[in-house]
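Okay, entry-v8.cif is below, mmCIF, C-alpha atoms:
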```cif
data_model
loop_
_atom_site.group_PDB
_atom_site.id
_atom_site.type_symbol
_atom_site.label_atom_id
_atom_site.label_comp_id
_atom_site.auth_asym_id
_atom_site.auth_seq_id
_atom_site.Cartn_x
_atom_site.Cartn_y
_atom_site.Cartn_z
ATOM 1 C CA MET M 1443 72.784 -130.334 147.587
ATOM 2 C CA ILE M 1444 73.860 -127.184 145.794
ATOM 3 C CA HIS M 1445 71.760 -124.067 146.172
ATOM 4 C CA TYR M 1446 71.108 -121.202 143.817
ATOM 5 C CA SER M 1447 72.633 -118.639 146.192
ATOM 6 C CA GLN M 1448 75.898 -120.601 146.338
ATOM 7 C CA ILE M 1449 76.246 -120.673 142.535
ATOM 8 C CA ASN M 1450 75.096 -117.064 142.323
ATOM 9 C CA GLU M 1451 78.053 -116.058 144.530
ATOM 10 C CA LEU M 1452 80.398 -118.039 142.289
ATOM 11 C CA CYS M 1453 79.088 -116.241 139.213
ATOM 12 C CA LEU M 1454 79.237 -112.807 140.831
ATOM 13 C CA SER M 1455 82.858 -113.420 141.792
ATOM 14 C CA TYR M 1456 84.233 -115.217 138.734
ATOM 15 C CA PHE M 1457 81.714 -115.240 135.863
ATOM 16 C CA PRO M 1458 79.880 -111.900 136.067
ATOM 17 C CA ASP M 1459 78.411 -112.281 132.580
ATOM 18 C CA LEU M 1460 76.512 -115.401 133.636
ATOM 19 C CA SER M 1461 73.651 -115.906 136.040
ATOM 20 C CA ALA M 1462 73.731 -118.917 138.357
ATOM 21 C CA SER M 1463 70.940 -120.509 136.339
ATOM 22 C CA GLN M 1464 72.789 -119.937 133.053
ATOM 23 C CA LEU M 1465 75.952 -121.540 134.419
ATOM 24 C CA ALA M 1466 74.004 -124.552 135.678
ATOM 25 C CA GLY M 1467 72.138 -124.810 132.368
ATOM 26 C CA ILE M 1468 75.406 -124.671 130.396
ATOM 27 C CA LEU M 1469 76.817 -127.573 132.390
ATOM 28 C CA HIS M 1470 73.611 -129.565 131.917
ATOM 29 C CA GLY M 1471 73.687 -128.887 128.175
ATOM 30 C CA LEU M 1472 77.312 -130.000 127.961
ATOM 31 C CA VAL M 1473 76.645 -133.220 129.879
ATOM 32 C CA SER M 1474 73.471 -133.914 127.867
ATOM 33 C CA HIS M 1475 75.428 -133.690 124.642
ATOM 34 C CA GLY M 1476 78.090 -136.092 125.818
ATOM 35 C CA PHE M 1477 80.710 -133.905 127.510
ATOM 36 C CA ILE M 1478 82.876 -136.114 129.689
ATOM 37 C CA PRO M 1479 85.425 -134.170 131.702
ATOM 38 C CA GLU M 1480 88.873 -135.501 130.992
ATOM 39 C CA GLU M 1481 91.030 -136.205 134.019
ATOM 40 C CA GLY M 1482 93.435 -133.324 134.547
ATOM 41 C CA ARG M 1483 91.986 -131.383 131.598
ATOM 42 C CA TRP M 1484 88.442 -130.491 132.582
ATOM 43 C CA GLN M 1485 89.512 -127.106 134.005
ATOM 44 C CA GLN M 1486 90.956 -126.141 130.619
ATOM 45 C CA GLN M 1487 87.869 -127.476 128.858
ATOM 46 C CA LEU M 1488 85.547 -125.424 131.056
ATOM 47 C CA ALA M 1489 87.813 -122.374 130.715
ATOM 48 C CA GLU M 1490 87.346 -122.639 126.953
ATOM 49 C CA PHE M 1491 83.574 -122.799 127.383
ATOM 50 C CA LEU M 1492 83.088 -120.330 130.238
ATOM 51 C CA ASN M 1493 86.037 -117.971 130.269
ATOM 52 C CA SER M 1494 87.057 -117.458 126.615
ATOM 53 C CA GLY M 1495 90.040 -119.740 127.155
ATOM 54 C CA ASP M 1496 91.491 -117.734 130.041
ATOM 55 C CA PRO M 1497 92.381 -119.892 133.041
ATOM 56 C CA ILE M 1498 89.689 -120.124 135.684
ATOM 57 C CA ALA M 1499 90.662 -118.651 139.034
ATOM 58 C CA GLN M 1500 91.950 -121.332 141.385
ATOM 59 C CA ASP M 1501 89.408 -120.298 144.025
ATOM 60 C CA ALA M 1502 86.581 -121.138 141.600
ATOM 61 C CA ILE M 1503 87.893 -124.573 140.569
ATOM 62 C CA GLY M 1504 86.620 -126.417 143.650
ATOM 63 C CA GLU M 1505 83.130 -124.978 143.347
ATOM 64 C CA LEU M 1506 82.995 -125.709 139.619
ATOM 65 C CA GLU M 1507 84.182 -129.249 140.255
ATOM 66 C CA GLN M 1508 81.402 -129.691 142.808
ATOM 67 C CA LEU M 1509 78.807 -128.229 140.415
ATOM 68 C CA LEU M 1510 79.987 -130.439 137.559
ATOM 69 C CA ALA M 1511 79.836 -133.564 139.752
ATOM 70 C CA PHE M 1512 76.360 -132.520 140.928
ATOM 71 C CA THR M 1513 75.300 -132.093 137.285
ATOM 72 C CA GLN M 1514 76.700 -135.453 136.202
ATOM 73 C CA LYS M 1515 74.914 -137.145 139.123
ATOM 74 C CA ASP M 1516 71.608 -135.935 137.695
ATOM 75 C CA TYR M 1517 72.133 -138.109 134.607
ATOM 76 C CA GLN M 1518 73.156 -141.334 136.318
ATOM 77 C CA VAL M 1519 70.744 -144.229 136.102
ATOM 78 C CA ASP M 1520 70.357 -144.541 139.877
ATOM 79 C CA SER M 1521 69.197 -140.938 140.301
ATOM 80 C CA PHE M 1522 68.168 -139.595 136.879
ATOM 81 C CA SER M 1523 66.373 -136.723 138.532
ATOM 82 C CA ILE M 1524 67.450 -133.280 137.456
ATOM 83 C CA ASP M 1525 67.809 -130.610 140.107
ATOM 84 C CA LEU M 1526 67.333 -127.232 138.466
ATOM 85 C CA ILE M 1527 69.546 -124.538 139.930
ATOM 86 C CA ILE M 1528 67.119 -121.658 139.743
ATOM 87 C CA PRO M 1529 65.906 -119.168 142.353
ATOM 88 C CA GLU M 1530 64.190 -120.975 145.216
ATOM 89 C CA ASP M 1531 60.491 -120.742 146.020
ATOM 90 C CA ASP M 1532 60.935 -117.800 148.392
ATOM 91 C CA TYR M 1533 62.001 -115.565 145.464
ATOM 92 C CA PRO M 1534 59.282 -113.634 143.604
ATOM 93 C CA LEU M 1535 57.760 -115.523 140.679
ATOM 94 C CA SER M 1536 59.245 -113.054 138.185
ATOM 95 C CA GLN M 1537 62.785 -113.889 139.378
ATOM 96 C CA ARG M 1538 62.060 -117.607 139.289
ATOM 97 C CA LEU M 1539 60.703 -117.334 135.738
ATOM 98 C CA SER M 1540 63.777 -115.354 134.722
ATOM 99 C CA GLY M 1541 66.013 -118.022 136.277
ATOM 100 C CA LEU M 1542 64.142 -120.790 134.461
ATOM 101 C CA ALA M 1543 64.514 -118.923 131.153
ATOM 102 C CA ASP M 1544 68.235 -118.440 131.890
ATOM 103 C CA TRP M 1545 68.630 -122.159 132.667
ATOM 104 C CA ALA M 1546 66.965 -123.119 129.370
ATOM 105 C CA GLN M 1547 69.143 -120.625 127.459
ATOM 106 C CA GLY M 1548 72.244 -121.937 129.224
ATOM 107 C CA PHE M 1549 71.273 -125.517 128.404
ATOM 108 C CA MET M 1550 70.992 -124.716 124.706
ATOM 109 C CA THR M 1551 74.313 -122.822 124.807
ATOM 110 C CA GLY M 1552 76.111 -125.690 126.549
ATOM 111 C CA TYR M 1553 74.570 -128.218 124.209
ATOM 112 C CA GLY M 1554 75.718 -126.191 121.213
ATOM 113 C CA LEU M 1555 79.307 -125.993 122.468
ATOM 114 C CA ILE M 1556 79.901 -129.675 121.722
ATOM 115 C CA LYS M 1557 80.958 -130.080 118.123
ATOM 116 C CA GLN M 1558 79.364 -133.468 117.487
ATOM 117 C CA LYS M 1559 76.989 -134.073 114.643
ATOM 118 C CA ASN M 1560 74.229 -135.696 116.669
ATOM 119 C CA LYS M 1561 71.004 -134.474 115.091
ATOM 120 C CA LEU M 1562 68.076 -134.583 117.428
ATOM 121 C CA GLU M 1563 64.953 -136.230 116.133
ATOM 122 C CA GLY M 1564 61.426 -136.881 117.319
ATOM 123 C CA ASP M 1565 60.717 -136.222 120.987
ATOM 124 C CA ALA M 1566 64.258 -134.964 121.648
ATOM 125 C CA GLU M 1567 64.029 -132.411 118.825
ATOM 126 C CA GLU M 1568 60.661 -131.262 120.157
ATOM 127 C CA ALA M 1569 62.137 -131.027 123.674
ATOM 128 C CA MET M 1570 64.905 -128.732 122.391
ATOM 129 C CA GLN M 1571 62.300 -126.570 120.645
ATOM 130 C CA ASP M 1572 60.367 -126.380 123.910
ATOM 131 C CA LEU M 1573 63.515 -125.277 125.757
ATOM 132 C CA SER M 1574 64.011 -122.604 123.108
ATOM 133 C CA GLN M 1575 60.529 -121.259 123.808
ATOM 134 C CA ILE M 1576 61.039 -121.450 127.578
ATOM 135 C CA ALA M 1577 64.269 -119.472 127.189
ATOM 136 C CA GLN M 1578 62.090 -116.632 125.896
ATOM 137 C CA LEU M 1579 59.686 -116.551 128.867
ATOM 138 C CA ASP M 1580 58.553 -113.119 129.940
ATOM 139 C CA PRO M 1581 59.587 -112.820 133.591
ATOM 140 C CA GLU M 1582 57.290 -109.843 134.223
ATOM 141 C CA ALA M 1583 54.534 -111.903 135.762
ATOM 142 C CA GLU M 1584 52.368 -111.113 138.736
ATOM 143 C CA ASP M 1585 52.388 -113.675 141.535
ATOM 144 C CA ASP M 1586 49.137 -115.618 141.589
ATOM 145 C CA GLU M 1587 48.067 -119.192 142.229
ATOM 146 C CA GLU M 1588 47.412 -120.066 138.572
ATOM 147 C CA LEU M 1589 50.803 -118.784 137.398
ATOM 148 C CA GLU M 1590 52.498 -120.556 140.294
ATOM 149 C CA GLN M 1591 50.977 -123.857 139.133
ATOM 150 C CA ALA M 1592 51.993 -123.166 135.530
ATOM 151 C CA TYR M 1593 55.543 -122.384 136.683
ATOM 152 C CA MET M 1594 55.814 -125.690 138.537
ATOM 153 C CA THR M 1595 54.517 -127.552 135.473
ATOM 154 C CA ILE M 1596 57.041 -125.800 133.228
ATOM 155 C CA CYS M 1597 59.871 -126.707 135.635
ATOM 156 C CA GLU M 1598 58.915 -130.373 135.400
ATOM 157 C CA HIS M 1599 58.711 -130.081 131.614
ATOM 158 C CA VAL M 1600 62.229 -128.591 131.518
ATOM 159 C CA LYS M 1601 63.553 -131.519 133.545
ATOM 160 C CA MET M 1602 61.881 -134.062 131.266
ATOM 161 C CA SER M 1603 63.138 -132.226 128.171
ATOM 162 C CA ALA M 1604 66.729 -132.341 129.416
ATOM 163 C CA GLN M 1605 66.377 -136.058 130.151
ATOM 164 C CA LEU M 1606 64.968 -136.760 126.674
ATOM 165 C CA ILE M 1607 67.830 -134.877 125.039
ATOM 166 C CA PHE M 1608 70.391 -136.698 127.172
ATOM 167 C CA MET M 1609 68.887 -140.087 126.281
ATOM 168 C CA ALA M 1610 68.888 -139.195 122.573
ATOM 169 C CA ASN M 1611 72.656 -138.702 122.790
ATOM 170 C CA GLN M 1612 73.419 -142.048 124.395
ATOM 171 C CA PRO M 1613 75.059 -144.648 122.176
ATOM 172 C CA GLU M 1614 72.662 -147.368 121.194
ATOM 173 C CA ALA M 1615 73.223 -150.725 122.773
ATOM 174 C CA THR M 1616 75.548 -152.845 120.664
ATOM 175 C CA PRO M 1617 73.911 -156.118 119.656
ATOM 176 C CA THR M 1618 75.536 -159.235 121.055
ATOM 177 C CA LYS M 1619 76.939 -161.909 118.767
ATOM 178 C CA ASP M 1620 73.819 -164.041 119.265
ATOM 179 C CA GLN M 1621 71.535 -161.173 118.245
ATOM 180 C CA ASN M 1622 73.513 -160.652 115.018
ATOM 181 C CA GLN M 1623 73.163 -164.247 113.871
ATOM 182 C CA SER M 1624 70.206 -165.112 111.735
ATOM 183 C CA VAL M 1625 68.726 -168.491 111.007
ATOM 184 C CA HIS M 1626 68.821 -169.534 107.337
#
```
Please render this file's structure as C-alpha cells.
Amino acid sequence: MIHYSQINELCLSYFPDLSASQLAGILHGLVSHGFIPEEGRWQQQLAEFLNSGDPIAQDAIGELEQLLAFTQKDYQVDSFSIDLIIPEDDYPLSQRLSGLADWAQGFMTGYGLIKQKNKLEGDAEEAMQDLSQIAQLDPEAEDDEELEQAYMTICEHVKMSAQLIFMANQPEATPTKDQNQSVH
C-alpha cells in the first residue's frame, strides 16, 4: 500500500510543481488512456511527461516504479479497485477536497498526454466531464457531517469515473472465426 505522505515526500524532493495527488492522478490518467511502460524506456517516457524531458533523479526512479506498478494494479481485472492517493482521513476536509481536486486535474492531464485519437463517448465522456468539475472543487469547506458524507460519495464517483474511462479505452474483443460466419 502506498500512502499520500510517501508520495508527498517524493514530490517535495523531485517534482516540487506537483502535489502527491496530482502525480498519482497523472499516472492514473496515463494508464487509463492506454500508456504501457516500455521495458527499459519507461523512465524516459515519464521524464517527458513529468520533468520536461530532463532525466529523473536516480533516487526517485524506484519510488516512481513502485507508484506506477501500484497504479497499473488498480486496473487489473482481479483487483479493479482504484486507490486514490489523496490526503488521508485525519487531514482536514479542506485539504482532502483540495487533494481530490488535484487528483482529478492530474488524471485529465495524464489522459491528455497520450496522443491517441480515442474519442470518449456516452458514460465515459460524461465521466470525464464530471472529473473536470471535480477538479474545480472549492477546498474552503468547513468540516461537518453532511460535507464529510458528500466527500466520500465524490471519492467513490471519481473511482467509478476513472474505471469507466479506462474501460472505454480497451480494445473491443475481436470476434472469433465462428462469430464472423453467417448462415446463407
Between CA of Ile1528 in chain M and CA of Ser1494 in chain M, what is the spacing in Å?
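It comes out at 24.2 Å.
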Would you compute the distance between CA of Thr1595 in chain M and CA of Phe1477 in chain M? Give it in Å to one decimal.
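So the two atoms, CA of Thr1595 in chain M and CA of Phe1477 in chain M, lie 28.1 Å apart.
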Name the residues that the PyMOL selection byres ((chain M and resi 1556) around 12) picks from the file above, as a list of chain:residue names, using the file's chain letters and numbers.
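Taken over the shown coordinates, the PyMOL selection byres ((chain M and resi 1556) around 12) returns M:Ile1468, M:Leu1469, M:His1470, M:Gly1471, M:Leu1472, M:Val1473, M:Ser1474, M:His1475, M:Gly1476, M:Phe1477, M:Ile1478, M:Gln1487, M:Leu1488, M:Glu1490, M:Phe1491, M:Phe1549, M:Met1550, M:Thr1551, M:Gly1552, M:Tyr1553, M:Gly1554, M:Leu1555, M:Lys1557, M:Gln1558, M:Lys1559, M:Asn1560, M:Asn1611.
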Taking the file as I've supplied it (selection: the PyMOL selection byres ((chain M and resi 1525) around 12)), which residues are included? Please answer as number ranges by chain.
M: 1443-1446, 1463, 1466-1467, 1470, 1509, 1512-1517, 1521-1524, 1526-1530, 1542, 1545, 1597-1598, 1600-1602, 1604-1605
Given the choices M:Val1519, M:Ala1546, M:Leu1535, M:Leu1562, which gets closest to His1599 in chain M if the distance is worked out from only C-alpha atoms?
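Closest candidate: M:Ala1546.
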CA of Ser1540 in chain M to CA of Gln1578 in chain M, straight-line distance in Å
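Interatomic distance here is 9.1 Å.
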Here's the selection I'm unsure about, the PyMOL selection byres ((chain M and resi 1580) around 12); applied to the file above, which residues does it give, as a PyMOL selection string?
chain M and resi 1535-1544+1575-1579+1581-1584+1593
Under the rule that only C-alpha atoms are counted, which of M:Glu1451, M:Glu1505, M:Glu1590, M:Asp1459 is the nearest residue to Asn1493 in chain M?
M:Asp1459
Counting all atoms listed in the file, the residue of M:Asn1450, M:Leu1606, M:Gly1564, M:Leu1506 that sits nearest Leu1492 in chain M
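The closest residue to Leu1492 in chain M is M:Leu1506.
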From the set M:Asp1531, M:Asp1501, M:Ile1607, M:Ala1569, which residue has the shortest atom-to-atom contact distance to Met1594 in chain M, counting only C-alpha atoms?
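Result for the nearest residue to Met1594 in chain M: M:Asp1531.
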Since the input lacks atoms, please generate all heavy atoms for range 1564-1575 of chain M and provide them as a compact mmCIF listing (two decimals), in the frame of the given file.
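Result file follows (selection_15.txt):
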```
# COMPACT_ATOMS: atom_id res chain seq x y z
N GLY M 1564 62.61 -136.49 116.57
CA GLY M 1564 61.43 -136.88 117.32
C GLY M 1564 61.22 -136.10 118.60
O GLY M 1564 61.27 -134.87 118.61
N ASP M 1565 61.00 -136.85 119.69
CA ASP M 1565 60.72 -136.22 120.99
C ASP M 1565 61.86 -135.34 121.47
O ASP M 1565 61.64 -134.29 122.07
CB ASP M 1565 60.43 -137.29 122.05
CG ASP M 1565 59.10 -137.99 121.83
OD1 ASP M 1565 58.24 -137.46 121.08
OD2 ASP M 1565 58.91 -139.08 122.40
N ALA M 1566 63.11 -135.74 121.20
CA ALA M 1566 64.26 -134.96 121.65
C ALA M 1566 64.33 -133.64 120.89
O ALA M 1566 64.65 -132.59 121.48
CB ALA M 1566 65.54 -135.76 121.47
N GLU M 1567 64.04 -133.65 119.61
CA GLU M 1567 64.03 -132.41 118.82
C GLU M 1567 62.93 -131.48 119.34
O GLU M 1567 63.13 -130.27 119.50
CB GLU M 1567 63.82 -132.73 117.35
CG GLU M 1567 63.80 -131.49 116.46
CD GLU M 1567 63.55 -131.83 115.00
OE1 GLU M 1567 62.94 -132.89 114.71
OE2 GLU M 1567 63.97 -131.03 114.16
N GLU M 1568 61.78 -132.05 119.62
CA GLU M 1568 60.66 -131.26 120.16
C GLU M 1568 61.01 -130.70 121.54
O GLU M 1568 60.69 -129.56 121.86
CB GLU M 1568 59.41 -132.14 120.24
CG GLU M 1568 58.16 -131.37 120.62
CD GLU M 1568 56.93 -132.25 120.61
OE1 GLU M 1568 56.78 -133.08 119.69
OE2 GLU M 1568 56.11 -132.10 121.53
N ALA M 1569 61.72 -131.48 122.35
CA ALA M 1569 62.14 -131.03 123.67
C ALA M 1569 63.08 -129.83 123.56
O ALA M 1569 62.97 -128.87 124.32
CB ALA M 1569 62.81 -132.16 124.44
N MET M 1570 63.99 -129.86 122.58
CA MET M 1570 64.90 -128.73 122.39
C MET M 1570 64.13 -127.50 121.92
O MET M 1570 64.41 -126.38 122.36
CB MET M 1570 66.01 -129.09 121.39
CG MET M 1570 67.08 -128.02 121.26
SD MET M 1570 68.03 -127.72 122.78
CE MET M 1570 69.26 -129.00 122.65
N GLN M 1571 63.14 -127.69 121.07
CA GLN M 1571 62.30 -126.57 120.64
C GLN M 1571 61.54 -125.98 121.84
O GLN M 1571 61.40 -124.76 121.95
CB GLN M 1571 61.33 -127.01 119.55
CG GLN M 1571 62.02 -127.32 118.24
CD GLN M 1571 61.10 -128.00 117.23
OE1 GLN M 1571 59.95 -128.33 117.53
NE2 GLN M 1571 61.61 -128.22 116.04
N ASP M 1572 61.06 -126.85 122.70
CA ASP M 1572 60.37 -126.38 123.91
C ASP M 1572 61.31 -125.56 124.79
O ASP M 1572 60.92 -124.50 125.30
CB ASP M 1572 59.81 -127.55 124.71
CG ASP M 1572 58.64 -128.24 124.03
OD1 ASP M 1572 58.11 -127.70 123.03
OD2 ASP M 1572 58.27 -129.34 124.49
N LEU M 1573 62.54 -126.04 124.96
CA LEU M 1573 63.52 -125.28 125.76
C LEU M 1573 63.79 -123.92 125.13
O LEU M 1573 63.95 -122.92 125.84
CB LEU M 1573 64.81 -126.07 125.92
CG LEU M 1573 64.75 -127.26 126.86
CD1 LEU M 1573 66.07 -128.02 126.86
CD2 LEU M 1573 64.36 -126.86 128.27
N SER M 1574 63.81 -123.87 123.80
CA SER M 1574 64.01 -122.60 123.11
C SER M 1574 62.88 -121.63 123.43
O SER M 1574 63.12 -120.44 123.65
CB SER M 1574 64.10 -122.85 121.60
OG SER M 1574 64.20 -121.64 120.90
N GLN M 1575 61.67 -122.12 123.47
CA GLN M 1575 60.53 -121.26 123.81
C GLN M 1575 60.58 -120.85 125.28
O GLN M 1575 60.26 -119.70 125.62
CB GLN M 1575 59.22 -121.97 123.48
CG GLN M 1575 59.00 -122.13 122.00
CD GLN M 1575 57.74 -122.90 121.68
OE1 GLN M 1575 57.17 -123.59 122.52
NE2 GLN M 1575 57.29 -122.79 120.44
```
